[in-house]
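Chemist: Next up, data-v3.cif (mmCIF, C-alpha atoms).
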data_data
loop_
_atom_site.label_atom_id
_atom_site.label_comp_id
_atom_site.auth_asym_id
_atom_site.auth_seq_id
_atom_site.Cartn_x
_atom_site.Cartn_y
_atom_site.Cartn_z
CA MET A 1 -22.02 46.24 24.76
CA LEU A 2 -19.30 46.36 22.10
CA ALA A 3 -16.35 43.94 22.46
CA LEU A 4 -13.11 45.76 23.07
CA THR A 5 -10.30 45.18 20.57
CA PRO A 6 -6.93 44.72 22.34
CA ALA A 7 -4.52 47.55 21.74
CA PRO A 8 -1.83 46.60 19.20
CA SER A 9 0.89 47.19 21.80
CA LEU A 10 -0.72 44.74 24.23
CA THR A 11 -1.26 42.14 21.50
CA LYS A 12 2.34 42.50 20.36
CA LEU A 13 3.55 41.91 23.93
CA GLN A 14 1.64 38.64 24.10
CA LEU A 15 2.93 37.53 20.72
CA ALA A 16 6.48 38.50 21.62
CA ARG A 17 6.28 36.23 24.66
CA GLN A 18 5.02 33.34 22.50
CA VAL A 19 7.77 33.83 19.92
CA ALA A 20 10.33 33.85 22.71
CA HIS A 21 8.82 30.68 24.19
CA TRP A 22 9.08 28.70 20.96
CA SER A 23 12.53 30.08 20.15
CA ILE A 24 13.82 28.88 23.51
CA ALA A 25 12.12 25.51 23.00
CA VAL A 26 13.97 25.05 19.71
CA THR A 27 17.28 26.01 21.32
CA GLU A 28 16.71 23.24 23.88
CA LEU A 29 16.62 20.71 21.04
CA GLU A 30 19.93 21.72 19.50
CA ASP A 31 22.15 19.72 21.87
CA LEU A 32 21.60 16.16 20.64
CA SER A 33 23.60 14.76 23.56
CA ARG A 34 20.72 15.87 25.78
CA LEU A 35 18.20 14.23 23.50
CA ALA A 36 19.64 10.73 23.91
CA SER A 37 22.24 9.43 26.33
CA PRO A 38 25.93 9.56 25.38
CA GLU A 39 26.08 5.79 25.97
CA GLY A 40 23.29 5.22 23.47
CA TRP A 41 24.98 7.39 20.83
CA HIS A 42 28.31 5.66 21.45
CA ARG A 43 26.83 2.23 20.83
CA LEU A 44 25.69 3.06 17.31
CA GLU A 45 27.63 1.91 14.28
CA ARG A 46 29.65 4.89 13.03
CA TYR A 47 27.82 5.53 9.76
CA LEU A 48 24.46 5.02 11.49
CA GLY A 49 25.28 7.62 14.14
CA VAL A 50 26.44 10.12 11.53
CA ALA A 51 23.29 9.65 9.43
CA LEU A 52 20.99 10.07 12.42
CA LYS A 53 22.79 13.14 13.77
CA ARG A 54 22.69 14.78 10.34
CA THR A 55 18.94 14.25 9.97
CA LEU A 56 18.10 15.33 13.51
CA SER A 57 20.36 18.38 13.29
CA GLU A 58 18.72 19.39 10.00
CA THR A 59 15.29 18.98 11.57
CA VAL A 60 16.20 21.32 14.44
CA ALA A 61 17.98 23.78 12.12
CA ARG A 62 14.81 23.99 10.01
CA LEU A 63 12.84 24.95 13.11
CA ALA A 64 15.49 27.48 14.11
CA ARG A 65 15.24 29.19 10.72
CA GLN A 66 11.49 29.42 11.15
CA THR A 67 11.86 31.08 14.57
CA THR A 68 14.20 33.61 12.97
CA VAL A 69 11.44 34.44 10.51
CA LEU A 70 8.92 34.77 13.37
CA ARG A 71 11.17 37.20 15.21
CA ALA A 72 11.61 39.29 12.06
CA GLU A 73 7.86 39.36 11.48
CA LEU A 74 7.32 40.33 15.10
CA ALA A 75 9.73 43.23 14.80
CA ALA A 76 8.01 44.48 11.63
CA ALA A 77 4.39 43.99 12.72
CA GLU A 78 2.57 47.20 13.64
CA THR A 79 -1.02 47.06 12.48
CA ALA A 80 -3.75 44.83 13.88
CA ALA A 81 -3.87 42.89 10.60
CA GLU A 82 -0.11 42.26 10.68
CA LEU A 83 -0.30 41.09 14.29
CA ASP A 84 -3.20 38.79 13.46
CA ARG A 85 -1.18 37.21 10.62
CA LEU A 86 1.71 36.70 13.05
CA ARG A 87 -0.61 35.02 15.54
CA LEU A 88 -1.64 32.54 12.84
CA GLU A 89 2.03 31.99 11.93
CA ILE A 90 2.80 31.13 15.55
CA ILE A 91 -0.07 28.65 15.68
CA GLY A 92 1.25 27.00 12.52
CA PHE A 93 4.77 26.92 13.91
CA ARG A 94 3.56 25.24 17.09
CA GLN A 95 2.16 22.37 15.01
CA ARG A 96 5.39 22.09 13.03
CA TYR A 97 7.39 22.07 16.26
CA LEU A 98 5.30 19.25 17.74
CA ALA A 99 5.63 17.20 14.55
CA ALA A 100 9.41 17.70 14.53
CA GLU A 101 9.52 16.80 18.21
CA MET A 102 7.89 13.46 17.32
CA VAL A 103 10.78 12.80 14.93
CA LEU A 104 13.40 13.56 17.55
CA ASP A 105 11.65 11.65 20.32
CA PHE A 106 11.19 8.55 18.16
CA TYR A 107 14.90 8.26 17.40
CA ALA A 108 15.90 9.30 20.92
CA ASP A 109 13.79 6.51 22.41
CA ALA A 110 15.28 4.02 19.95
CA ILE A 111 18.86 5.12 20.68
CA ASN A 112 18.27 5.03 24.42
CA THR A 113 17.44 1.32 24.28
CA ARG A 114 21.20 0.85 23.75
CA THR A 115 22.39 2.36 27.02
CA ASN A 116 23.10 -1.13 28.41
CA GLU A 117 26.41 -2.43 27.05
CA ASN A 118 25.28 -5.99 26.34
CA LEU A 119 21.97 -4.94 24.82
CA GLY A 120 23.73 -2.29 22.75
CA SER A 121 26.11 -4.90 21.35
CA TYR A 122 23.26 -7.35 20.72
CA LEU A 123 21.29 -4.70 18.82
CA ARG A 124 24.34 -3.85 16.73
CA ALA A 125 24.40 -7.53 15.76
CA CYS A 126 20.73 -7.23 14.78
CA ASP A 127 21.64 -4.17 12.67
CA ALA A 128 24.33 -6.24 10.94
CA LEU A 129 22.00 -9.20 10.32
CA ALA A 130 19.36 -6.92 8.87
CA MET A 131 21.78 -5.14 6.55
CA ARG A 132 23.31 -8.43 5.44
CA SER A 133 19.88 -9.80 4.51
CA MET A 134 19.16 -6.74 2.37
CA ALA A 135 22.63 -6.62 0.81
CA ASP A 136 22.23 -10.16 -0.54
CA VAL A 137 19.41 -8.86 -2.75
CA LEU A 138 20.01 -5.15 -3.24
CA VAL A 139 23.74 -5.03 -4.01
CA PRO A 140 23.64 -7.35 -7.06
CA LEU A 141 20.77 -5.23 -8.39
CA GLY A 142 22.74 -2.03 -7.97
CA HIS A 143 20.79 -0.58 -5.06
CA ARG A 144 22.16 1.10 -1.95
CA VAL A 145 21.65 -0.81 1.29
CA PRO A 146 20.04 1.47 3.89
CA ALA A 147 21.54 1.65 7.35
CA VAL A 148 19.51 -0.07 10.07
CA LEU A 149 18.65 1.02 13.60
CA THR A 150 17.09 -1.79 15.64
CA TRP A 151 15.44 -1.01 18.94
CA VAL A 152 13.50 -2.85 21.62
CA ASP A 153 9.93 -2.21 22.69
CA LYS A 154 6.91 -3.95 24.14
CA GLY A 155 4.21 -5.65 22.13
CA LEU A 156 3.51 -8.76 20.13
CA GLY A 157 5.00 -8.07 16.71
CA ALA A 158 7.94 -6.34 15.09
CA ALA A 159 7.62 -3.25 12.88
CA VAL A 160 9.71 -1.13 10.53
CA LEU A 161 9.86 2.58 9.80
CA LYS A 162 11.27 2.40 6.29
CA ALA A 163 14.30 4.38 5.15
CA ASP A 164 13.86 7.25 2.69
CA LEU A 165 10.23 7.96 3.55
CA PRO A 166 8.96 11.31 4.93
CA LEU A 167 8.71 11.54 8.71
CA TRP A 168 6.03 13.13 10.89
CA ASP A 169 7.07 16.71 10.18
CA GLY A 170 6.59 16.19 6.45
CA ARG A 171 10.05 17.56 5.70
CA SER A 172 12.59 15.21 7.27
CA ILE A 173 13.35 11.94 5.51
CA SER A 174 13.95 8.76 7.46
CA PRO A 175 17.73 8.25 7.16
CA VAL A 176 17.67 4.60 8.25
CA ALA A 177 15.40 1.59 8.41
CA ALA A 178 14.28 1.71 12.04
CA ILE A 179 13.19 -1.78 13.10
CA LYS A 180 11.38 -2.53 16.32
CA ILE A 181 12.14 -5.88 17.92
CA VAL A 182 9.70 -6.85 20.62
CA ARG A 183 11.22 -7.90 23.89
CA HIS A 184 9.81 -11.44 23.90
CA ASN A 185 11.43 -12.09 20.51
CA LEU A 186 14.91 -10.82 21.27
CA GLN A 187 16.31 -14.33 21.40
CA ARG A 188 14.44 -15.49 18.27
CA PRO A 189 14.84 -12.46 16.02
CA THR A 190 13.79 -13.98 12.69
CA ALA A 191 11.05 -11.32 12.63
CA LEU A 192 13.89 -8.87 12.06
CA ILE A 193 14.36 -10.38 8.59
CA HIS A 194 10.62 -10.17 7.95
CA GLU A 195 10.90 -6.41 8.51
CA THR A 196 13.89 -6.06 6.20
CA GLY A 197 11.75 -7.87 3.66
CA HIS A 198 9.32 -4.96 3.88
CA GLN A 199 12.18 -2.52 3.27
CA VAL A 200 13.49 -4.48 0.27
CA ALA A 201 9.96 -4.76 -1.14
CA HIS A 202 9.62 -0.98 -0.88
CA ILE A 203 12.91 -0.34 -2.67
CA LEU A 204 12.24 -2.84 -5.46
CA ASN A 205 8.47 -2.29 -5.77
CA TRP A 206 8.13 -6.00 -5.15
CA THR A 207 4.79 -5.85 -3.33
CA ASP A 208 2.83 -4.45 -6.26
CA GLU A 209 4.42 -6.91 -8.65
CA LEU A 210 3.72 -9.86 -6.36
CA ALA A 211 0.10 -8.75 -6.01
CA ALA A 212 -0.22 -8.72 -9.80
CA VAL A 213 1.38 -12.19 -10.02
CA LEU A 214 -1.10 -13.57 -7.49
CA ARG A 215 -4.06 -12.03 -9.31
CA ARG A 216 -2.98 -13.58 -12.60
CA GLY A 217 -1.92 -16.92 -11.18
CA LEU A 218 -5.13 -17.40 -9.21
CA ALA A 219 -7.43 -15.83 -11.81
CA ARG A 220 -9.67 -18.89 -11.98
CA ALA A 221 -10.70 -18.08 -8.38
CA PRO A 222 -11.17 -14.29 -8.54
CA ALA A 223 -12.26 -13.79 -4.93
CA VAL A 224 -9.28 -15.75 -3.61
CA ALA A 225 -6.94 -13.96 -6.00
CA ALA A 226 -8.12 -10.55 -4.83
CA MET A 227 -7.77 -11.54 -1.18
CA TRP A 228 -4.23 -12.88 -1.51
CA ALA A 229 -3.20 -9.88 -3.62
CA GLU A 230 -4.26 -7.64 -0.71
CA TRP A 231 -1.94 -9.67 1.51
CA ALA A 232 1.04 -9.34 -0.84
CA SER A 233 3.10 -7.06 1.43
CA GLU A 234 3.06 -9.47 4.37
CA ILE A 235 3.45 -12.53 2.15
CA ALA A 236 6.55 -11.00 0.57
CA ALA A 237 8.06 -10.26 3.96
CA ASP A 238 7.32 -13.79 5.23
CA ALA A 239 8.90 -15.27 2.10
CA PHE A 240 11.97 -13.06 2.51
CA ALA A 241 12.39 -14.21 6.12
CA PHE A 242 11.92 -17.85 5.12
CA ALA A 243 14.43 -17.66 2.28
CA HIS A 244 17.05 -16.37 4.73
CA THR A 245 16.25 -18.31 7.91
CA GLY A 246 14.15 -21.29 6.84
CA TYR A 247 12.06 -23.26 9.29
CA ALA A 248 13.23 -21.06 12.18
CA SER A 249 11.10 -18.22 10.82
CA VAL A 250 8.03 -20.45 10.38
CA ALA A 251 8.22 -21.88 13.91
CA ALA A 252 8.76 -18.45 15.47
CA LEU A 253 5.82 -17.02 13.50
CA CYS A 254 3.61 -19.91 14.61
CA ASP A 255 4.46 -19.31 18.27
CA VAL A 256 3.64 -15.61 18.01
CA LEU A 257 0.36 -16.09 16.13
CA ALA A 258 -0.95 -18.90 18.34
CA GLY A 259 -3.95 -17.72 20.36
CA ASP A 260 -7.62 -18.49 20.73
CA SER A 261 -9.59 -19.65 17.71
CA ASP A 262 -11.21 -16.27 17.12
CA TRP A 263 -7.78 -14.68 16.87
CA VAL A 264 -6.24 -17.36 14.66
CA MET A 265 -9.26 -17.56 12.33
CA ARG A 266 -9.94 -13.82 12.17
CA TRP A 267 -10.26 -12.20 8.75
CA LEU A 268 -10.60 -8.42 8.46
CA ASP A 269 -11.27 -6.70 5.16
CA GLY A 270 -8.40 -4.33 4.41
CA ASP A 271 -5.96 -5.93 6.87
CA PRO A 272 -2.66 -6.55 5.02
CA HIS A 273 -1.97 -9.59 7.20
CA PRO A 274 -3.26 -12.96 6.01
CA VAL A 275 -5.58 -14.91 8.26
CA SER A 276 -3.19 -16.32 10.86
CA TYR A 277 -4.47 -19.85 10.28
CA LEU A 278 -3.50 -19.63 6.62
CA ARG A 279 -0.29 -17.73 7.26
CA VAL A 280 1.21 -20.52 9.35
CA LEU A 281 0.16 -23.19 6.86
CA LEU A 282 1.63 -21.10 4.04
CA GLY A 283 4.95 -21.16 5.93
CA LYS A 284 4.65 -24.92 6.30
CA GLN A 285 4.08 -25.20 2.56
CA MET A 286 7.21 -23.14 1.91
CA CYS A 287 9.13 -25.77 3.88
CA THR A 288 7.49 -28.65 2.02
CA ARG A 289 8.17 -27.05 -1.35
CA HIS A 290 11.87 -26.50 -0.70
CA TYR A 291 12.80 -29.15 1.89
CA GLY A 292 10.36 -32.04 1.55
CA ALA A 293 9.27 -33.80 4.74
CA GLY A 294 10.40 -32.56 8.13
CA PRO A 295 9.37 -31.19 11.54
CA TRP A 296 7.11 -28.64 9.87
CA ASP A 297 4.73 -31.49 9.10
CA ALA A 298 4.18 -32.11 12.81
CA LEU A 299 3.81 -28.37 13.37
CA ALA A 300 1.06 -28.21 10.72
CA ARG A 301 -0.75 -31.26 12.14
CA ALA A 302 -0.73 -29.75 15.61
CA TRP A 303 -1.90 -26.40 14.21
CA ILE A 304 -4.81 -27.98 12.36
CA GLN A 305 -5.73 -30.10 15.39
CA SER A 306 -5.64 -27.06 17.70
CA TYR A 307 -7.76 -24.96 15.35
CA PRO A 308 -10.33 -27.08 13.49
CA VAL A 309 -11.59 -25.29 10.40
CA THR A 310 -15.14 -25.78 11.70
CA ARG A 311 -14.42 -23.02 14.24
CA ALA A 312 -14.02 -20.41 11.52
CA ARG A 313 -16.92 -18.00 11.30
CA GLY A 314 -18.52 -15.95 8.58
CA GLU A 315 -16.23 -14.71 5.81
CA SER A 316 -13.20 -16.28 7.50
CA ALA A 317 -14.61 -19.75 6.90
CA GLY A 318 -14.99 -19.11 3.19
CA ALA A 319 -11.55 -17.53 2.89
CA ILE A 320 -9.87 -20.46 4.61
CA GLU A 321 -11.80 -23.17 2.79
CA ALA A 322 -11.13 -21.62 -0.63
CA SER A 323 -7.44 -20.99 0.06
CA LEU A 324 -6.26 -24.27 1.57
CA PRO A 325 -6.04 -26.29 -1.68
CA LEU A 326 -4.23 -23.40 -3.39
CA LEU A 327 -1.38 -23.00 -0.88
CA PRO A 328 1.13 -25.10 -2.90
CA GLU A 329 0.40 -23.04 -6.01
CA ILE A 330 0.68 -19.77 -4.08
CA VAL A 331 4.13 -20.78 -2.81
CA GLU A 332 5.21 -21.58 -6.38
CA LEU A 333 4.01 -18.18 -7.56
CA ILE A 334 5.90 -16.41 -4.76
CA PHE A 335 9.22 -18.20 -5.17
CA ASP A 336 9.40 -19.34 -8.78
CA THR A 337 7.96 -16.47 -10.82
CA PRO A 338 10.61 -14.31 -12.55
CA MET A 339 10.02 -10.71 -11.53
CA ALA A 340 11.22 -7.32 -12.71
CA ALA A 341 11.93 -6.51 -9.06
CA PHE A 342 14.71 -9.13 -9.12
CA GLY A 343 16.06 -8.39 -12.58
CA ARG A 344 13.72 -10.93 -14.22
CA ARG A 345 14.87 -13.65 -11.83
CA SER A 346 12.76 -15.46 -9.26
CA LEU A 347 12.98 -14.97 -5.51
CA ALA A 348 14.36 -18.51 -5.12
CA ALA A 349 17.10 -17.72 -7.63
CA VAL A 350 18.06 -14.53 -5.79
CA ILE A 351 17.93 -15.99 -2.25
CA ASP A 352 18.19 -19.76 -2.46
CA PRO A 353 16.14 -21.32 0.37
CA ALA A 354 18.23 -24.50 -0.02
CA ARG A 355 21.09 -22.72 1.79
CA VAL A 356 19.07 -23.00 5.00
CA ARG A 357 17.73 -26.51 4.52
CA PRO A 358 18.20 -28.47 7.74
CA ASP A 359 20.73 -30.78 6.07
CA ALA A 360 22.64 -27.79 4.63
CA LEU A 361 22.79 -26.20 8.08
CA ALA A 362 23.95 -29.50 9.57
CA GLU A 363 26.72 -29.67 6.95
CA LEU A 364 27.77 -26.11 7.79
CA GLU A 365 27.94 -27.07 11.44
CA ARG A 366 29.94 -30.22 10.67
CA SER A 367 32.42 -28.58 8.32
CA ALA A 368 33.12 -25.54 10.51
CA GLY A 369 33.19 -27.45 13.78
CA ALA A 370 33.47 -25.63 17.09
CA SER A 371 34.85 -22.54 15.36
CA LEU A 372 31.47 -21.84 13.73
CA THR A 373 30.29 -19.81 16.72
CA THR A 374 33.68 -18.55 17.91
CA SER A 375 35.54 -17.55 14.73
CA ASP A 376 35.13 -13.94 13.59
CA HIS A 377 35.31 -15.20 10.02
CA TRP A 378 32.38 -17.59 10.37
CA ILE A 379 30.35 -15.15 12.43
CA ARG A 380 30.79 -12.40 9.84
CA THR A 381 30.17 -14.50 6.74
CA GLU A 382 27.51 -16.93 8.00
CA SER A 383 25.57 -14.83 10.51
CA LEU A 384 22.23 -15.36 8.79
CA ARG A 385 22.71 -19.12 8.49
CA LEU A 386 23.78 -19.18 12.13
CA LEU A 387 20.50 -17.49 12.99
CA ALA A 388 18.68 -20.10 10.92
CA LEU A 389 20.61 -22.95 12.54
CA HIS A 390 20.01 -21.93 16.14
CA GLY A 391 16.38 -21.10 15.45
CA LEU A 392 15.96 -24.55 13.89
CA ARG A 393 17.58 -26.31 16.82
CA ALA A 394 15.44 -24.43 19.34
CA ALA A 395 12.28 -25.19 17.36
CA VAL A 396 12.78 -28.94 16.93
CA ASP A 397 14.09 -29.60 20.46
CA PRO A 398 12.42 -27.23 22.95
CA ASP A 399 14.24 -28.95 25.85
CA GLN A 400 17.49 -27.63 24.38
CA ALA A 401 16.08 -24.25 23.39
CA VAL A 402 17.63 -22.38 26.31
CA ALA A 403 21.09 -23.79 25.62
CA MET A 404 20.79 -23.11 21.88
CA LEU A 405 19.66 -19.53 22.35
CA GLU A 406 22.35 -18.87 24.95
CA GLN A 407 24.91 -20.01 22.38
CA GLN A 408 23.25 -17.78 19.81
CA GLN A 409 23.45 -14.83 22.17
CA ARG A 410 27.18 -15.37 22.63
CA TRP A 411 27.99 -15.26 18.91
CA MET A 412 25.63 -12.34 18.37
CA LEU A 413 27.35 -10.35 21.10
CA ARG A 414 30.61 -11.15 19.34
CA LEU A 415 29.16 -10.00 16.03
CA GLY A 416 28.00 -6.77 17.68
CA ALA A 417 31.51 -6.23 19.04
CA LEU A 418 32.91 -6.45 15.50
CA VAL A 419 30.84 -3.45 14.36
CA VAL A 420 32.77 -0.18 14.23
CA VAL A 421 31.22 2.39 16.59
CA ASP A 422 31.86 6.05 17.34
#
Since I need it in another form, could you write the structure as structure tokens?
Modeler:
Amino acid sequence: MLALTPAPSLTKLQLARQVAHWSIAVTELEDLSRLASPEGWHRLERYLGVALKRTLSETVARLARQTTVLRAELAAAETAAELDRLRLEIIGFRQRYLAAEMVLDFYADAINTRTNENLGSYLRACDALAMRSMADVLVPLGHRVPAVLTWVDKGLGAAVLKADLPLWDGRSISPVAAIKIVRHNLQRPTALIHETGHQVAHILNWTDELAAVLRRGLARAPAVAAMWAEWASEIAADAFAFAHTGYASVAALCDVLAGDSDWVMRWLDGDPHPVSYLRVLLGKQMCTRHYGAGPWDALARAWIQSYPVTRARGESAGAIEASLPLLPEIVELIFDTPMAAFGRRSLAAVIDPARVRPDALAELERSAGASLTTSDHWIRTESLRLLALHGLRAAVDPDQAVAMLEQQQRWMLRLGALVVVD
């Protein structure tokens, strides 16, 4: 029996219903106040809110123009071939709609984490800390500092959706650096600065240059050089966080990476993250290089005692054994090599780790006195060193960690209140 071909009029009716469906769906997206709560929008810094609304509105407007084209094609279609082309156009539009919806939902979810007043203010402080960390490097080099949207989610580690990269629909460009802070790290947000390190590395092309530096500097051990070059993106971000927040970033990283031996010793080919065992000891070596002896020595001894190298298996064992004696040299390469990314200066010259030495932080605390955490001036100008100070205090004296982090929360809420919002 021959298959019956639907009459063009019946096919057109079905397609007309589909075009109407997707047109209505796009209309539903146009009211951004329905996408995210008014409270969430209100608790964004003014420029940040404007940038996000512009991008999201353009994303929806692009879809609306495409539905206009579909309606025009529907009106003009008469033959079976024309209707078949329209059917394929609708299928393609559906995929574009779903991709654009991912863009809108991502930012909506991020904005909606700010519906609580205190959390909204705290996240604005995180925005300010992140932008300050980037400005210290980017502004002297003549680069624009991207706006930052921090948001809270579950999980173990932070993440960043970098500014100025294409989004899921392939057309929209990320207007801000969207940084996820995991809930367990809200009170120790040095990982925030690790993520801004990724953004800075992207803007300055630092990762590729650092990888080349590591290959050259470790050339006498080609396998080790290749391995550490693959880890350049995460190494750069760790170094950026350390330069801004010192030992606080190393202790916080250690506490997040601590797990069973298989986890700590794991090495995966292609993973941009260094073996956790080495990553913590690299942070310790950063402290030794720039600060000398200190509490990081006890941290390293405890780390080594908890995870004897003999527990490493397979390729991990070789990677660890070959890398350990080279850690001091790797730190020198990271911090002391002049790079084009930094205008032919070294990382240490651009962000001096000595500013967050424990004795430098103690001097800041002594000279500013009680006003350090209550004065708008100190909170604005020394927010990153305040983060380093309170993270240091919490790390070296866990019995006082709750009190230290409560004090940190108070000045961060004050910093968030200083940010101009809509």
Chemist: Selection in question (the file shown): the PyMOL selection byres ((chain A and resi 224) around 12). Which residues does it include, as a PDB file with C-alpha atoms, in the coordinates of the input?
Modeler:
ATOM      1  CA  ALA A 211       0.100  -8.750  -6.010  1.00  0.00           C
ATOM      2  CA  LEU A 214      -1.100 -13.570  -7.490  1.00  0.00           C
ATOM      3  CA  ARG A 215      -4.060 -12.030  -9.310  1.00  0.00           C
ATOM      4  CA  ARG A 216      -2.980 -13.580 -12.600  1.00  0.00           C
ATOM      5  CA  GLY A 217      -1.920 -16.920 -11.180  1.00  0.00           C
ATOM      6  CA  LEU A 218      -5.130 -17.400  -9.210  1.00  0.00           C
ATOM      7  CA  ALA A 219      -7.430 -15.830 -11.810  1.00  0.00           C
ATOM      8  CA  ARG A 220      -9.670 -18.890 -11.980  1.00  0.00           C
ATOM      9  CA  ALA A 221     -10.700 -18.080  -8.380  1.00  0.00           C
ATOM     10  CA  PRO A 222     -11.170 -14.290  -8.540  1.00  0.00           C
ATOM     11  CA  ALA A 223     -12.260 -13.790  -4.930  1.00  0.00           C
ATOM     12  CA  ALA A 225      -6.940 -13.960  -6.000  1.00  0.00           C
ATOM     13  CA  ALA A 226      -8.120 -10.550  -4.830  1.00  0.00           C
ATOM     14  CA  MET A 227      -7.770 -11.540  -1.180  1.00  0.00           C
ATOM     15  CA  TRP A 228      -4.230 -12.880  -1.510  1.00  0.00           C
ATOM     16  CA  ALA A 229      -3.200  -9.880  -3.620  1.00  0.00           C
ATOM     17  CA  GLU A 230      -4.260  -7.640  -0.710  1.00  0.00           C
ATOM     18  CA  TRP A 231      -1.940  -9.670   1.510  1.00  0.00           C
ATOM     19  CA  PRO A 274      -3.260 -12.960   6.010  1.00  0.00           C
ATOM     20  CA  GLU A 315     -16.230 -14.710   5.810  1.00  0.00           C
ATOM     21  CA  SER A 316     -13.200 -16.280   7.500  1.00  0.00           C
ATOM     22  CA  GLY A 318     -14.990 -19.110   3.190  1.00  0.00           C
ATOM     23  CA  ALA A 319     -11.550 -17.530   2.890  1.00  0.00           C
ATOM     24  CA  ILE A 320      -9.870 -20.460   4.610  1.00  0.00           C
ATOM     25  CA  GLU A 321     -11.800 -23.170   2.790  1.00  0.00           C
ATOM     26  CA  ALA A 322     -11.130 -21.620  -0.630  1.00  0.00           C
ATOM     27  CA  SER A 323      -7.440 -20.990   0.060  1.00  0.00           C
ATOM     28  CA  LEU A 324      -6.260 -24.270   1.570  1.00  0.00           C
ATOM     29  CA  PRO A 325      -6.040 -26.290  -1.680  1.00  0.00           C
ATOM     30  CA  LEU A 326      -4.230 -23.400  -3.390  1.00  0.00           C
ATOM     31  CA  LEU A 327      -1.380 -23.000  -0.880  1.00  0.00           C
ATOM     32  CA  ILE A 330       0.680 -19.770  -4.080  1.00  0.00           C
TER      33      ILE A 330
END
Chemist: Given all atoms listed in the file as the basis, pick out the residue of A:Leu268, A:Ala159, A:Leu384, A:Val50 nearest to His244 of chain A.
Modeler: A:Leu384
Chemist: If you apply the PyMOL selection byres ((chain A and resi 342-357) around 8) to this file, what residues do you get, as number ranges by chain?
Modeler: A: 136-137, 141, 204, 242-246, 290-291, 334-341, 358-361, 385, 388-389
Chemist: Write the residues of the preceding selection, restricted to C-alpha atoms, as a PDB file, in the coordinates of the input.
Modeler:
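Resulting contents of part_26.pdb:
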ATOM      1  CA  ASP A 136      22.230 -10.160  -0.540  1.00  0.00           C
ATOM      2  CA  VAL A 137      19.410  -8.860  -2.750  1.00  0.00           C
ATOM      3  CA  LEU A 141      20.770  -5.230  -8.390  1.00  0.00           C
ATOM      4  CA  LEU A 204      12.240  -2.840  -5.460  1.00  0.00           C
ATOM      5  CA  PHE A 242      11.920 -17.850   5.120  1.00  0.00           C
ATOM      6  CA  ALA A 243      14.430 -17.660   2.280  1.00  0.00           C
ATOM      7  CA  HIS A 244      17.050 -16.370   4.730  1.00  0.00           C
ATOM      8  CA  THR A 245      16.250 -18.310   7.910  1.00  0.00           C
ATOM      9  CA  GLY A 246      14.150 -21.290   6.840  1.00  0.00           C
ATOM     10  CA  HIS A 290      11.870 -26.500  -0.700  1.00  0.00           C
ATOM     11  CA  TYR A 291      12.800 -29.150   1.890  1.00  0.00           C
ATOM     12  CA  ILE A 334       5.900 -16.410  -4.760  1.00  0.00           C
ATOM     13  CA  PHE A 335       9.220 -18.200  -5.170  1.00  0.00           C
ATOM     14  CA  ASP A 336       9.400 -19.340  -8.780  1.00  0.00           C
ATOM     15  CA  THR A 337       7.960 -16.470 -10.820  1.00  0.00           C
ATOM     16  CA  PRO A 338      10.610 -14.310 -12.550  1.00  0.00           C
ATOM     17  CA  MET A 339      10.020 -10.710 -11.530  1.00  0.00           C
ATOM     18  CA  ALA A 340      11.220  -7.320 -12.710  1.00  0.00           C
ATOM     19  CA  ALA A 341      11.930  -6.510  -9.060  1.00  0.00           C
ATOM     20  CA  PRO A 358      18.200 -28.470   7.740  1.00  0.00           C
ATOM     21  CA  ASP A 359      20.730 -30.780   6.070  1.00  0.00           C
ATOM     22  CA  ALA A 360      22.640 -27.790   4.630  1.00  0.00           C
ATOM     23  CA  LEU A 361      22.790 -26.200   8.080  1.00  0.00           C
ATOM     24  CA  ARG A 385      22.710 -19.120   8.490  1.00  0.00           C
ATOM     25  CA  ALA A 388      18.680 -20.100  10.920  1.00  0.00           C
ATOM     26  CA  LEU A 389      20.610 -22.950  12.540  1.00  0.00           C
TER      27      LEU A 389
END
Chemist: Let me know the residues the PyMOL selection byres ((chain A and resi 171) around 12) catches in the file above, as a count of residues only.
Modeler: 23
Chemist: Measuring between all atoms listed in the file, which one of A:Met404, A:Ala395, A:Ala241, A:Ala252 shows the shortest distance to Ala298 of chain A?
Modeler: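 Of the candidates, the smallest distance to Ala298 of chain A is held by A:Ala395.
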Chemist: Please measure the separation of atom CA of His198 of chain A and atom CA of Gln409 of chain A, giving the value in Å to one decimal.
Modeler: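 Separating atom CA of His198 of chain A from atom CA of Gln409 of chain A is a distance of 25.1 Å.
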Chemist: Mind giving me the straight-line distance from atom CA of Ile379 of chain A to atom CA of Ser367 of chain A in Å, one decimal?
Modeler: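 So the answer is 14.2 Å.
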Chemist: I'd like the contact shell of His377 of chain A - 12 Å cut-off, all atoms listed in the file, skipping same-chain residues fewer than 5 positions apart - returned as a PyMOL selection string.
Modeler: chain A and resi 368+371-372+382-383+411+414-415+418
Chemist: Between atom CA of Leu405 of chain A and atom CA of Arg188 of chain A, what is the spacing in Å?
Modeler: 7.8 Å
Chemist: I'd like to know which of A:Ala251, A:Val275, A:Leu83, A:Ala177 is closest to Val200 of chain A, using only C-alpha atoms.
Modeler: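 Smallest distance to Val200 of chain A is found for A:Ala177.
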Chemist: Using only C-alpha atoms, find all polymer residues with an atom at most 12 Å away from the point (23.4, -5.7, 2.6); report them as a PyMOL selection string.
Modeler: chain A and resi 127-148+193+196-197+199-200+381+384
